[in-house]
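Engineer: My structure file coords-v2.pdb, PDB, C-alpha atoms and all ligand atoms, is below:
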```
MODEL        1
ATOM      1  CA  MET A1129      -2.571  35.919  27.470  1.00  0.00           C
ATOM      2  CA  ALA A1130       1.180  36.472  27.246  1.00  0.00           C
ATOM      3  CA  PHE A1131       3.583  36.936  24.342  1.00  0.00           C
ATOM      4  CA  ALA A1132       7.285  36.365  23.778  1.00  0.00           C
ATOM      5  CA  GLU A1133       8.777  37.847  20.624  1.00  0.00           C
ATOM      6  CA  ASP A1134      11.719  35.953  19.129  1.00  0.00           C
ATOM      7  CA  LEU A1135      11.389  32.813  21.233  1.00  0.00           C
ATOM      8  CA  VAL A1136      12.936  31.179  18.147  1.00  0.00           C
ATOM      9  CA  SER A1137      15.976  32.505  16.245  1.00  0.00           C
ATOM     10  CA  GLN A1138      15.926  32.821  12.466  1.00  0.00           C
ATOM     11  CA  SER A1139      18.206  29.807  11.990  1.00  0.00           C
ATOM     12  CA  GLU A1140      16.067  27.724  14.369  1.00  0.00           C
ATOM     13  CA  GLU A1141      12.994  28.768  12.446  1.00  0.00           C
ATOM     14  CA  VAL A1142      14.507  27.350   9.255  1.00  0.00           C
ATOM     15  CA  ALA A1143      15.478  24.134  11.074  1.00  0.00           C
ATOM     16  CA  LEU A1144      12.000  23.758  12.600  1.00  0.00           C
ATOM     17  CA  ILE A1145      10.256  24.295   9.258  1.00  0.00           C
ATOM     18  CA  THR A1146      12.608  21.708   7.745  1.00  0.00           C
ATOM     19  CA  ALA A1147      11.776  19.278  10.576  1.00  0.00           C
ATOM     20  CA  ILE A1148       8.053  19.827   9.984  1.00  0.00           C
ATOM     21  CA  GLY A1149       8.690  19.094   6.310  1.00  0.00           C
ATOM     22  CA  SER A1150       9.744  15.565   7.195  1.00  0.00           C
ATOM     23  CA  ILE A1151       6.508  14.861   9.109  1.00  0.00           C
ATOM     24  CA  ALA A1152       3.481  13.335   7.401  1.00  0.00           C
ATOM     25  CA  LEU A1153       0.765  15.941   7.931  1.00  0.00           C
ATOM     26  CA  SER A1154      -2.852  15.192   7.102  1.00  0.00           C
ATOM     27  CA  PRO A1155      -5.814  17.451   6.407  1.00  0.00           C
ATOM     28  CA  PHE A1156      -7.654  18.325   9.585  1.00  0.00           C
ATOM     29  CA  ARG A1157     -10.999  16.504   9.709  1.00  0.00           C
ATOM     30  CA  PHE A1158     -14.037  17.517  11.711  1.00  0.00           C
ATOM     31  CA  HIS A1159     -17.196  15.429  11.382  1.00  0.00           C
ATOM     32  CA  GLY A1160     -16.538  14.678   7.771  1.00  0.00           C
ATOM     33  CA  TRP A1161     -15.579  18.257   6.944  1.00  0.00           C
ATOM     34  CA  LEU A1162     -12.085  18.591   5.537  1.00  0.00           C
ATOM     35  CA  GLY A1163     -10.183  21.646   6.765  1.00  0.00           C
ATOM     36  CA  ASN A1164      -7.540  23.258   4.601  1.00  0.00           C
ATOM     37  CA  ARG A1165      -4.922  23.148   7.261  1.00  0.00           C
ATOM     38  CA  GLN A1166      -2.605  20.170   7.624  1.00  0.00           C
ATOM     39  CA  THR A1167      -1.864  18.781  11.068  1.00  0.00           C
ATOM     40  CA  ALA A1168      -0.085  16.089  13.056  1.00  0.00           C
ATOM     41  CA  SER A1169      -0.491  15.377  16.779  1.00  0.00           C
ATOM     42  CA  PHE A1170       2.216  14.029  19.070  1.00  0.00           C
ATOM     43  CA  GLY A1171       2.078  12.863  22.670  1.00  0.00           C
ATOM     44  CA  TRP A1172      -1.693  12.874  22.815  1.00  0.00           C
ATOM     45  CA  LEU A1173      -4.322  12.964  20.111  1.00  0.00           C
ATOM     46  CA  TYR A1174      -7.796  14.377  20.401  1.00  0.00           C
ATOM     47  CA  ASP A1175      -9.674  12.953  17.409  1.00  0.00           C
ATOM     48  CA  PHE A1176     -12.247  15.550  16.384  1.00  0.00           C
ATOM     49  CA  GLU A1177     -13.892  12.980  14.123  1.00  0.00           C
ATOM     50  CA  THR A1178     -14.672  10.437  16.847  1.00  0.00           C
ATOM     51  CA  GLY A1179     -14.150  12.390  20.090  1.00  0.00           C
ATOM     52  CA  ALA A1180     -11.546   9.777  21.092  1.00  0.00           C
ATOM     53  CA  PHE A1181      -8.624  10.953  23.197  1.00  0.00           C
ATOM     54  CA  ASP A1182      -5.536   8.796  23.353  1.00  0.00           C
ATOM     55  CA  ARG A1183      -1.786   8.574  23.433  1.00  0.00           C
ATOM     56  CA  ALA A1184      -0.025   9.290  20.158  1.00  0.00           C
ATOM     57  CA  THR A1185       3.527   9.008  18.816  1.00  0.00           C
ATOM     58  CA  PRO A1186       5.976  10.725  21.204  1.00  0.00           C
ATOM     59  CA  ILE A1187       7.008  14.300  20.441  1.00  0.00           C
ATOM     60  CA  PRO A1188       9.950  14.102  17.970  1.00  0.00           C
ATOM     61  CA  SER A1189      13.289  15.056  19.504  1.00  0.00           C
ATOM     62  CA  ALA A1190      13.696  17.930  17.023  1.00  0.00           C
ATOM     63  CA  PHE A1191      10.994  19.814  18.956  1.00  0.00           C
ATOM     64  CA  LEU A1192      12.120  19.072  22.525  1.00  0.00           C
ATOM     65  CA  PRO A1193      14.513  22.038  22.952  1.00  0.00           C
ATOM     66  CA  LEU A1194      11.707  24.330  21.823  1.00  0.00           C
ATOM     67  CA  ARG A1195       9.287  22.630  24.214  1.00  0.00           C
ATOM     68  CA  ALA A1196      11.673  23.355  27.110  1.00  0.00           C
ATOM     69  CA  ARG A1197      11.768  27.032  26.143  1.00  0.00           C
ATOM     70  CA  ALA A1198       8.015  27.199  25.612  1.00  0.00           C
ATOM     71  CA  ALA A1199       7.503  25.690  29.072  1.00  0.00           C
ATOM     72  CA  ALA A1200       9.927  28.153  30.691  1.00  0.00           C
ATOM     73  CA  PHE A1201       8.117  31.030  28.989  1.00  0.00           C
ATOM     74  CA  ALA A1202       4.794  29.739  30.368  1.00  0.00           C
ATOM     75  CA  GLY A1203       6.164  28.991  33.854  1.00  0.00           C
ATOM     76  CA  LEU A1204       5.659  25.249  33.404  1.00  0.00           C
ATOM     77  CA  ALA A1205       7.846  22.165  33.520  1.00  0.00           C
ATOM     78  CA  ALA A1206       8.770  20.864  30.061  1.00  0.00           C
ATOM     79  CA  ASP A1207       7.166  17.512  30.934  1.00  0.00           C
ATOM     80  CA  ASP A1208       3.834  19.258  31.550  1.00  0.00           C
ATOM     81  CA  LEU A1209       3.565  20.060  27.844  1.00  0.00           C
ATOM     82  CA  VAL A1210       2.666  16.529  26.826  1.00  0.00           C
ATOM     83  CA  GLN A1211       0.990  17.345  23.534  1.00  0.00           C
ATOM     84  CA  LEU A1212       2.348  18.937  20.385  1.00  0.00           C
ATOM     85  CA  LEU A1213       0.086  19.878  17.495  1.00  0.00           C
ATOM     86  CA  VAL A1214       1.983  20.683  14.308  1.00  0.00           C
ATOM     87  CA  THR A1215      -0.008  22.713  11.794  1.00  0.00           C
ATOM     88  CA  ARG A1216       0.715  24.050   8.319  1.00  0.00           C
ATOM     89  CA  TYR A1217      -1.599  26.677   6.874  1.00  0.00           C
ATOM     90  CA  ASP A1218      -1.158  26.942   3.138  1.00  0.00           C
ATOM     91  CA  PRO A1219      -2.630  29.953   1.324  1.00  0.00           C
ATOM     92  CA  GLY A1220      -6.389  29.797   1.773  1.00  0.00           C
ATOM     93  CA  ALA A1221      -6.180  27.832   5.036  1.00  0.00           C
ATOM     94  CA  GLY A1222      -7.194  29.178   8.424  1.00  0.00           C
ATOM     95  CA  ILE A1223      -8.875  27.980  11.582  1.00  0.00           C
ATOM     96  CA  GLY A1224     -12.468  28.753  12.471  1.00  0.00           C
ATOM     97  CA  TRP A1225     -13.890  29.994  15.753  1.00  0.00           C
ATOM     98  CA  HIS A1226     -13.274  27.604  18.639  1.00  0.00           C
ATOM     99  CA  ARG A1227     -12.051  27.176  22.168  1.00  0.00           C
ATOM    100  CA  ASP A1228      -9.402  24.496  22.660  1.00  0.00           C
ATOM    101  CA  ARG A1229     -10.751  21.198  24.027  1.00  0.00           C
ATOM    102  CA  PRO A1230     -11.237  21.061  27.804  1.00  0.00           C
ATOM    103  CA  VAL A1231      -9.012  17.945  28.070  1.00  0.00           C
ATOM    104  CA  PHE A1232      -6.160  20.413  27.633  1.00  0.00           C
ATOM    105  CA  GLU A1233      -5.246  23.150  30.098  1.00  0.00           C
ATOM    106  CA  HIS A1234      -2.235  25.290  29.192  1.00  0.00           C
ATOM    107  CA  VAL A1235      -1.755  26.237  25.551  1.00  0.00           C
ATOM    108  CA  VAL A1236       1.531  27.648  24.221  1.00  0.00           C
ATOM    109  CA  GLY A1237       1.700  28.379  20.489  1.00  0.00           C
ATOM    110  CA  ILE A1238       4.760  29.224  18.381  1.00  0.00           C
ATOM    111  CA  SER A1239       4.373  30.853  14.961  1.00  0.00           C
ATOM    112  CA  LEU A1240       6.725  30.211  12.055  1.00  0.00           C
ATOM    113  CA  GLY A1241       7.044  31.497   8.518  1.00  0.00           C
ATOM    114  CA  ALA A1242       4.536  34.324   8.224  1.00  0.00           C
ATOM    115  CA  PRO A1243       2.621  36.747  10.435  1.00  0.00           C
ATOM    116  CA  ALA A1244      -1.036  36.102  11.214  1.00  0.00           C
ATOM    117  CA  ALA A1245      -3.768  37.763  13.202  1.00  0.00           C
ATOM    118  CA  MET A1246      -5.308  35.769  16.023  1.00  0.00           C
ATOM    119  CA  ARG A1247      -8.858  36.983  16.444  1.00  0.00           C
ATOM    120  CA  PHE A1248     -10.796  36.668  19.681  1.00  0.00           C
ATOM    121  CA  ARG A1249     -14.491  36.981  20.332  1.00  0.00           C
ATOM    122  CA  ARG A1250     -16.809  36.550  23.277  1.00  0.00           C
ATOM    123  CA  ARG A1251     -20.559  36.719  23.301  1.00  0.00           C
ATOM    124  CA  THR A1252     -22.119  39.734  25.007  1.00  0.00           C
ATOM    125  CA  ALA A1253     -25.752  40.652  25.611  1.00  0.00           C
ATOM    126  CA  THR A1254     -25.884  42.461  22.288  1.00  0.00           C
ATOM    127  CA  GLY A1255     -23.476  40.541  20.027  1.00  0.00           C
ATOM    128  CA  PHE A1256     -19.754  39.845  20.293  1.00  0.00           C
ATOM    129  CA  ALA A1257     -16.832  41.619  21.931  1.00  0.00           C
ATOM    130  CA  ARG A1258     -13.839  41.259  19.602  1.00  0.00           C
ATOM    131  CA  HIS A1259     -10.069  41.624  19.648  1.00  0.00           C
ATOM    132  CA  SER A1260      -7.325  40.872  17.166  1.00  0.00           C
ATOM    133  CA  LEU A1261      -3.730  40.211  18.159  1.00  0.00           C
ATOM    134  CA  PRO A1262      -0.789  39.988  15.725  1.00  0.00           C
ATOM    135  CA  LEU A1263       1.264  36.787  15.819  1.00  0.00           C
ATOM    136  CA  GLN A1264       4.771  37.414  14.496  1.00  0.00           C
ATOM    137  CA  PRO A1265       6.881  34.588  13.096  1.00  0.00           C
ATOM    138  CA  ARG A1266       9.220  33.169  15.770  1.00  0.00           C
ATOM    139  CA  SER A1267       7.036  34.534  18.562  1.00  0.00           C
ATOM    140  CA  ALA A1268       5.140  32.553  21.179  1.00  0.00           C
ATOM    141  CA  TYR A1269       1.815  33.149  22.853  1.00  0.00           C
ATOM    142  CA  ARG A1270       0.266  31.576  25.893  1.00  0.00           C
ATOM    143  CA  LEU A1271      -3.473  31.236  26.234  1.00  0.00           C
ATOM    144  CA  SER A1272      -4.572  31.293  29.846  1.00  0.00           C
ATOM    145  CA  GLY A1273      -7.355  32.550  32.046  1.00  0.00           C
ATOM    146  CA  GLU A1274     -10.262  34.196  30.238  1.00  0.00           C
ATOM    147  CA  ALA A1275      -8.505  34.186  26.860  1.00  0.00           C
ATOM    148  CA  ARG A1276      -8.159  30.426  27.180  1.00  0.00           C
ATOM    149  CA  HIS A1277     -11.497  29.522  28.743  1.00  0.00           C
ATOM    150  CA  ASP A1278     -14.026  32.222  27.870  1.00  0.00           C
ATOM    151  CA  TRP A1279     -13.001  33.696  24.531  1.00  0.00           C
ATOM    152  CA  GLU A1280     -13.105  31.870  21.223  1.00  0.00           C
ATOM    153  CA  HIS A1281     -10.203  32.351  18.812  1.00  0.00           C
ATOM    154  CA  SER A1282      -9.655  31.928  15.096  1.00  0.00           C
ATOM    155  CA  ILE A1283      -7.110  32.690  12.386  1.00  0.00           C
ATOM    156  CA  ALA A1284      -8.218  34.177   9.080  1.00  0.00           C
ATOM    157  CA  GLU A1285      -7.288  32.458   5.832  1.00  0.00           C
ATOM    158  CA  MET A1286      -3.578  32.865   5.223  1.00  0.00           C
ATOM    159  CA  THR A1287      -2.176  34.331   2.022  1.00  0.00           C
ATOM    160  CA  THR A1288       1.334  32.929   2.642  1.00  0.00           C
ATOM    161  CA  THR A1289       2.254  29.633   4.274  1.00  0.00           C
ATOM    162  CA  ARG A1290       2.450  29.727   8.065  1.00  0.00           C
ATOM    163  CA  TRP A1291       3.377  26.912  10.417  1.00  0.00           C
ATOM    164  CA  SER A1292       2.472  26.687  14.078  1.00  0.00           C
ATOM    165  CA  LEU A1293       3.660  24.463  16.880  1.00  0.00           C
ATOM    166  CA  THR A1294       1.147  24.280  19.716  1.00  0.00           C
ATOM    167  CA  PHE A1295       2.193  22.679  22.990  1.00  0.00           C
ATOM    168  CA  ARG A1296      -0.506  21.787  25.501  1.00  0.00           C
ATOM    169  CA  SER A1297      -0.727  20.349  29.000  1.00  0.00           C
ATOM    170  CA  LEU A1298      -3.543  18.067  30.125  1.00  0.00           C
ATOM    171  CA  ALA A1299      -6.306  19.384  32.366  1.00  0.00           C
ATOM    172  CA  GLY A1300      -6.402  16.277  34.549  1.00  0.00           C
ATOM    173  CA  ASP A1301      -5.759  12.554  34.782  1.00  0.00           C
ATOM    174  CA  PRO A1302      -6.022  11.222  31.215  1.00  0.00           C
ATOM    175  CA  ASN A1303      -7.581   7.917  32.314  1.00  0.00           C
ATOM    176  CA  VAL A1304     -10.361   9.676  34.188  1.00  0.00           C
ATOM    177  CA  MET A1305     -10.917  12.114  31.319  1.00  0.00           C
ATOM    178  CA  ARG A1306     -11.140   9.232  28.859  1.00  0.00           C
ATOM    179  CA  GLN A1307     -13.715   7.437  31.019  1.00  0.00           C
ATOM    180  CA  ASN A1308     -15.786  10.592  31.121  1.00  0.00           C
ATOM    181  CA  GLY A1309     -15.569  10.898  27.353  1.00  0.00           C
ATOM    182  CA  LEU A1310     -13.984  14.354  27.443  1.00  0.00           C
TER     183      LEU A1310
HETATM  184  O1  LIG B   1      -2.046  28.244  14.589  1.00  0.00           O
HETATM  185  C1  LIG B   1      -2.191  28.683  15.724  1.00  0.00           C
HETATM  186  O2  LIG B   1      -1.320  29.347  16.307  1.00  0.00           O
HETATM  187  C2  LIG B   1      -3.488  28.445  16.458  1.00  0.00           C
HETATM  188  C3  LIG B   1      -4.009  27.068  16.313  1.00  0.00           C
HETATM  189  C4  LIG B   1      -5.199  26.803  17.188  1.00  0.00           C
HETATM  190  O3  LIG B   1      -5.902  27.666  17.629  1.00  0.00           O
HETATM  191  C5  LIG B   1      -5.498  25.409  17.531  1.00  0.00           C
HETATM  192  O4  LIG B   1      -4.936  24.493  16.889  1.00  0.00           O
HETATM  193  O5  LIG B   1      -6.283  25.183  18.444  1.00  0.00           O
HETATM  194 FE    FE B   2      -7.003  26.924  19.319  1.00  0.00          FE
ENDMDL
END
```
Written as structure tokens, that's how I'd like the structure from this file.
Ligand SMILES: O=C(O)CCC(=O)C(=O)O
Ligand SMILES: [Fe+2]

Structural biologist:
Amino acid sequence: MAFAEDLVSQSEEVALITAIGSIALSPFRFHGWLGNRQTASFGWLYDFETGAFDRATPIPSAFLPLRARAAAFAGLAADDLVQLLVTRYDPGAGIGWHRDRPVFEHVVGISLGAPAAMRFRRRTATGFARHSLPLQPRSAYRLSGEARHDWEHSIAEMTTTRWSLTFRSLAGDPNVMRQNGL
């Protein structure tokens, strides 16, 4: 787990939120359950409803300079970050406990608009070990190692609107992963 405060300047933050405003976001769906958060996937789409994994609309150019910086922060090539998930959490929206899908490897998230707490938990013999890490607007985090693969994370229901841009790399050859139904 690594953090970069102020990966985004205040004027870029405004521009990015404006760019997100021009994207058609839809309520996140999971097996018929409608989440409160609104999302759009670019580059690749993992459909939580069907388990299908496929190419999606290319990442809009408005987000490419940020992708280059996110990749540099994570020690990756910009082209490695082939997926972008755009999320808006309105008041009352959060994200429940999960680990990101194994089709993805590196995860770099950028927070916009409002601070949030990213909570982590991992099962122990007696219950759960827990941590909570603050995510400041304009900061970036990278999930790697144990935080990425062993710990679950979640974000509590927001009281003010927050946006996040999550860039991900693929864990392997997409054709092979699709055949294996990952
Ligand atoms: O909003 C965030 O920064 C986290 C989102 C997240 O955990 C996910 O989409 O997998
Ligand atoms: Fe996640």

Engineer: Convert the output of the PyMOL selection byres (((chain A and resi 1143-1150) around 8) and not hetatm) on the shown file into explicit residues, formatted as a ChimeraX atom specification.

Structural biologist: /A:1139-1142,1151-1152,1190-1191,1214,1240-1241,1291

Engineer: Evaluate the PyMOL selection byres (((not hetatm)) within 8 of (chain B and resi 1)) on the structure here and hand back the selected residues as a list in words.

Structural biologist: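 For this structure, the PyMOL selection byres (((not hetatm)) within 8 of (chain B and resi 1)) resolves to Leu1213, Thr1215, Tyr1217, Ile1223, His1226, Arg1227, Asp1228, Gly1237, Ile1238, Ser1239, Met1246, Leu1263, His1281, Ser1282, Ile1283, Trp1291, Ser1292, Leu1293 and Thr1294 of chain A.
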
Engineer: Have a look at A:Gly1224, A:Pro1265, A:Gly1179, A:Pro1219 and name the one nearest to ligand FE 2 (chain B); count all atoms listed in the file.

Structural biologist: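 The closest residue to ligand FE 2 (chain B) is A:Gly1224.
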
Engineer: So, counting all atoms listed in the file, which residue among A:Met1286, A:Val1236, A:Leu1194, A:Ala1242 is closest to ligand FE 2 (chain B)?

Structural biologist: A:Val1236

Engineer: Write out as a short mmCIF file (atom, residue, chain, number, x, y, z; two decimals) with C-alpha atoms, keeping the file's coordinate frame the residues lying within 10 Å of His1277 (chain A), counting all atoms listed in the file and excluding same-chain residues fewer than 3 positions away.

Structural biologist:
```
data_model
loop_
_atom_site.label_atom_id
_atom_site.label_comp_id
_atom_site.auth_asym_id
_atom_site.auth_seq_id
_atom_site.Cartn_x
_atom_site.Cartn_y
_atom_site.Cartn_z
CA ARG A 1227 -12.05 27.18 22.17
CA ASP A 1228 -9.40 24.50 22.66
CA ARG A 1229 -10.75 21.20 24.03
CA PRO A 1230 -11.24 21.06 27.80
CA GLU A 1233 -5.25 23.15 30.10
CA LEU A 1271 -3.47 31.24 26.23
CA SER A 1272 -4.57 31.29 29.85
CA GLY A 1273 -7.36 32.55 32.05
CA GLU A 1274 -10.26 34.20 30.24
CA GLU A 1280 -13.10 31.87 21.22
#
```

Engineer: Take CA of Pro1243 (chain A) and CA of Leu1261 (chain A) and report the distance between them in Å, one decimal.

Structural biologist: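 Straight-line distance from CA of Pro1243 (chain A) to CA of Leu1261 (chain A) works out to 10.6 Å.
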
Engineer: Run through the PyMOL selection byres (((chain A and resi 1295) around 6) and not hetatm) on the given coordinates and return the selected residues as a PyMOL selection string.

Structural biologist: chain A and resi 1209+1211-1212+1235-1236+1294+1296

Engineer: Let me make sure I understand: among A:Asp1218, A:Asn1164, A:Val1210, A:Leu1298, which one has the smallest atom-to-atom distance to Thr1185 (chain A) if we use all atoms listed in the file?

Structural biologist: A:Val1210

Engineer: What does the distance from CA of Arg1276 (chain A) to CA of Ala1202 (chain A) come to in Å, to one decimal?

Structural biologist: 13.4 Å

Engineer: May I ask which of the residues A:Ala1180, A:Ala1275, A:Ala1257, A:Val1136 is the closest one to ligand FE 2 (chain B), counting only C-alpha atoms and all ligand atoms?

Structural biologist: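 With only C-alpha atoms and all ligand atoms as the atom set, the closest residue is A:Ala1275.
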
Engineer: Between A:Pro1155, A:Gly1255, A:Gly1300, A:Pro1186, single out the one closest to Phe1232 (chain A), counting all atoms listed in the file.

Structural biologist: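 Of A:Pro1155, A:Gly1255, A:Gly1300, A:Pro1186, the one nearest Phe1232 (chain A), counting all atoms listed in the file, is A:Gly1300.
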
Engineer: Might you pull out every residue within 10 Å of Phe1156 (chain A), with all atoms listed in the file counted and same-chain residues fewer than 6 positions away left off, and present them as JSON, numbers by chain?

Structural biologist: {"A": [1162, 1163, 1164, 1165, 1166, 1167, 1168, 1175, 1176, 1177, 1215, 1223]}

Engineer: Between CA of Ala1130 (chain A) and CA of Ala1268 (chain A), what is the distance, to one decimal in Å?

Structural biologist: 8.2 Å

Engineer: Measuring atom to atom with only C-alpha atoms and all ligand atoms, identify which of A:Arg1258, A:Arg1266, A:Arg1183, A:Arg1247 is nearest to ligand FE 2 (chain B).

Structural biologist: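 Closest candidate: A:Arg1247.
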
Engineer: Could you give me region 1252-1263 of chain A completed to N, CA and C atoms, formatted as a PDB file, in the coordinates of the input?

Structural biologist:
```pdb
ATOM      1  N   THR A1252     -21.616  38.766  24.034  1.00  0.00           N
ATOM      2  CA  THR A1252     -22.119  39.734  25.007  1.00  0.00           C
ATOM      3  C   THR A1252     -23.639  39.759  24.871  1.00  0.00           C
ATOM      4  N   ALA A1253     -24.291  40.578  25.668  1.00  0.00           N
ATOM      5  CA  ALA A1253     -25.752  40.652  25.611  1.00  0.00           C
ATOM      6  C   ALA A1253     -26.231  41.069  24.220  1.00  0.00           C
ATOM      7  N   THR A1254     -25.423  41.873  23.550  1.00  0.00           N
ATOM      8  CA  THR A1254     -25.884  42.461  22.288  1.00  0.00           C
ATOM      9  C   THR A1254     -25.196  41.898  21.040  1.00  0.00           C
ATOM     10  N   GLY A1255     -24.192  41.045  21.210  1.00  0.00           N
ATOM     11  CA  GLY A1255     -23.476  40.541  20.027  1.00  0.00           C
ATOM     12  C   GLY A1255     -22.175  39.892  20.455  1.00  0.00           C
ATOM     13  N   PHE A1256     -21.062  40.385  19.935  1.00  0.00           N
ATOM     14  CA  PHE A1256     -19.754  39.845  20.293  1.00  0.00           C
ATOM     15  C   PHE A1256     -18.796  40.974  20.642  1.00  0.00           C
ATOM     16  N   ALA A1257     -18.019  40.782  21.713  1.00  0.00           N
ATOM     17  CA  ALA A1257     -16.832  41.619  21.931  1.00  0.00           C
ATOM     18  C   ALA A1257     -15.713  40.983  21.125  1.00  0.00           C
ATOM     19  N   ARG A1258     -14.881  41.794  20.490  1.00  0.00           N
ATOM     20  CA  ARG A1258     -13.839  41.259  19.602  1.00  0.00           C
ATOM     21  C   ARG A1258     -12.489  41.910  19.850  1.00  0.00           C
ATOM     22  N   HIS A1259     -11.446  41.129  19.613  1.00  0.00           N
ATOM     23  CA  HIS A1259     -10.069  41.624  19.648  1.00  0.00           C
ATOM     24  C   HIS A1259      -9.298  40.926  18.542  1.00  0.00           C
ATOM     25  N   SER A1260      -8.215  41.531  18.107  1.00  0.00           N
ATOM     26  CA  SER A1260      -7.325  40.872  17.166  1.00  0.00           C
ATOM     27  C   SER A1260      -5.892  41.121  17.610  1.00  0.00           C
ATOM     28  N   LEU A1261      -5.104  40.075  17.690  1.00  0.00           N
ATOM     29  CA  LEU A1261      -3.730  40.211  18.159  1.00  0.00           C
ATOM     30  C   LEU A1261      -2.773  39.675  17.097  1.00  0.00           C
ATOM     31  N   PRO A1262      -1.732  40.458  16.745  1.00  0.00           N
ATOM     32  CA  PRO A1262      -0.789  39.988  15.725  1.00  0.00           C
ATOM     33  C   PRO A1262       0.116  38.888  16.273  1.00  0.00           C
ATOM     34  N   LEU A1263       0.311  37.853  15.477  1.00  0.00           N
ATOM     35  CA  LEU A1263       1.264  36.787  15.819  1.00  0.00           C
ATOM     36  C   LEU A1263       2.429  36.888  14.843  1.00  0.00           C
TER      37      LEU A1263
END
```
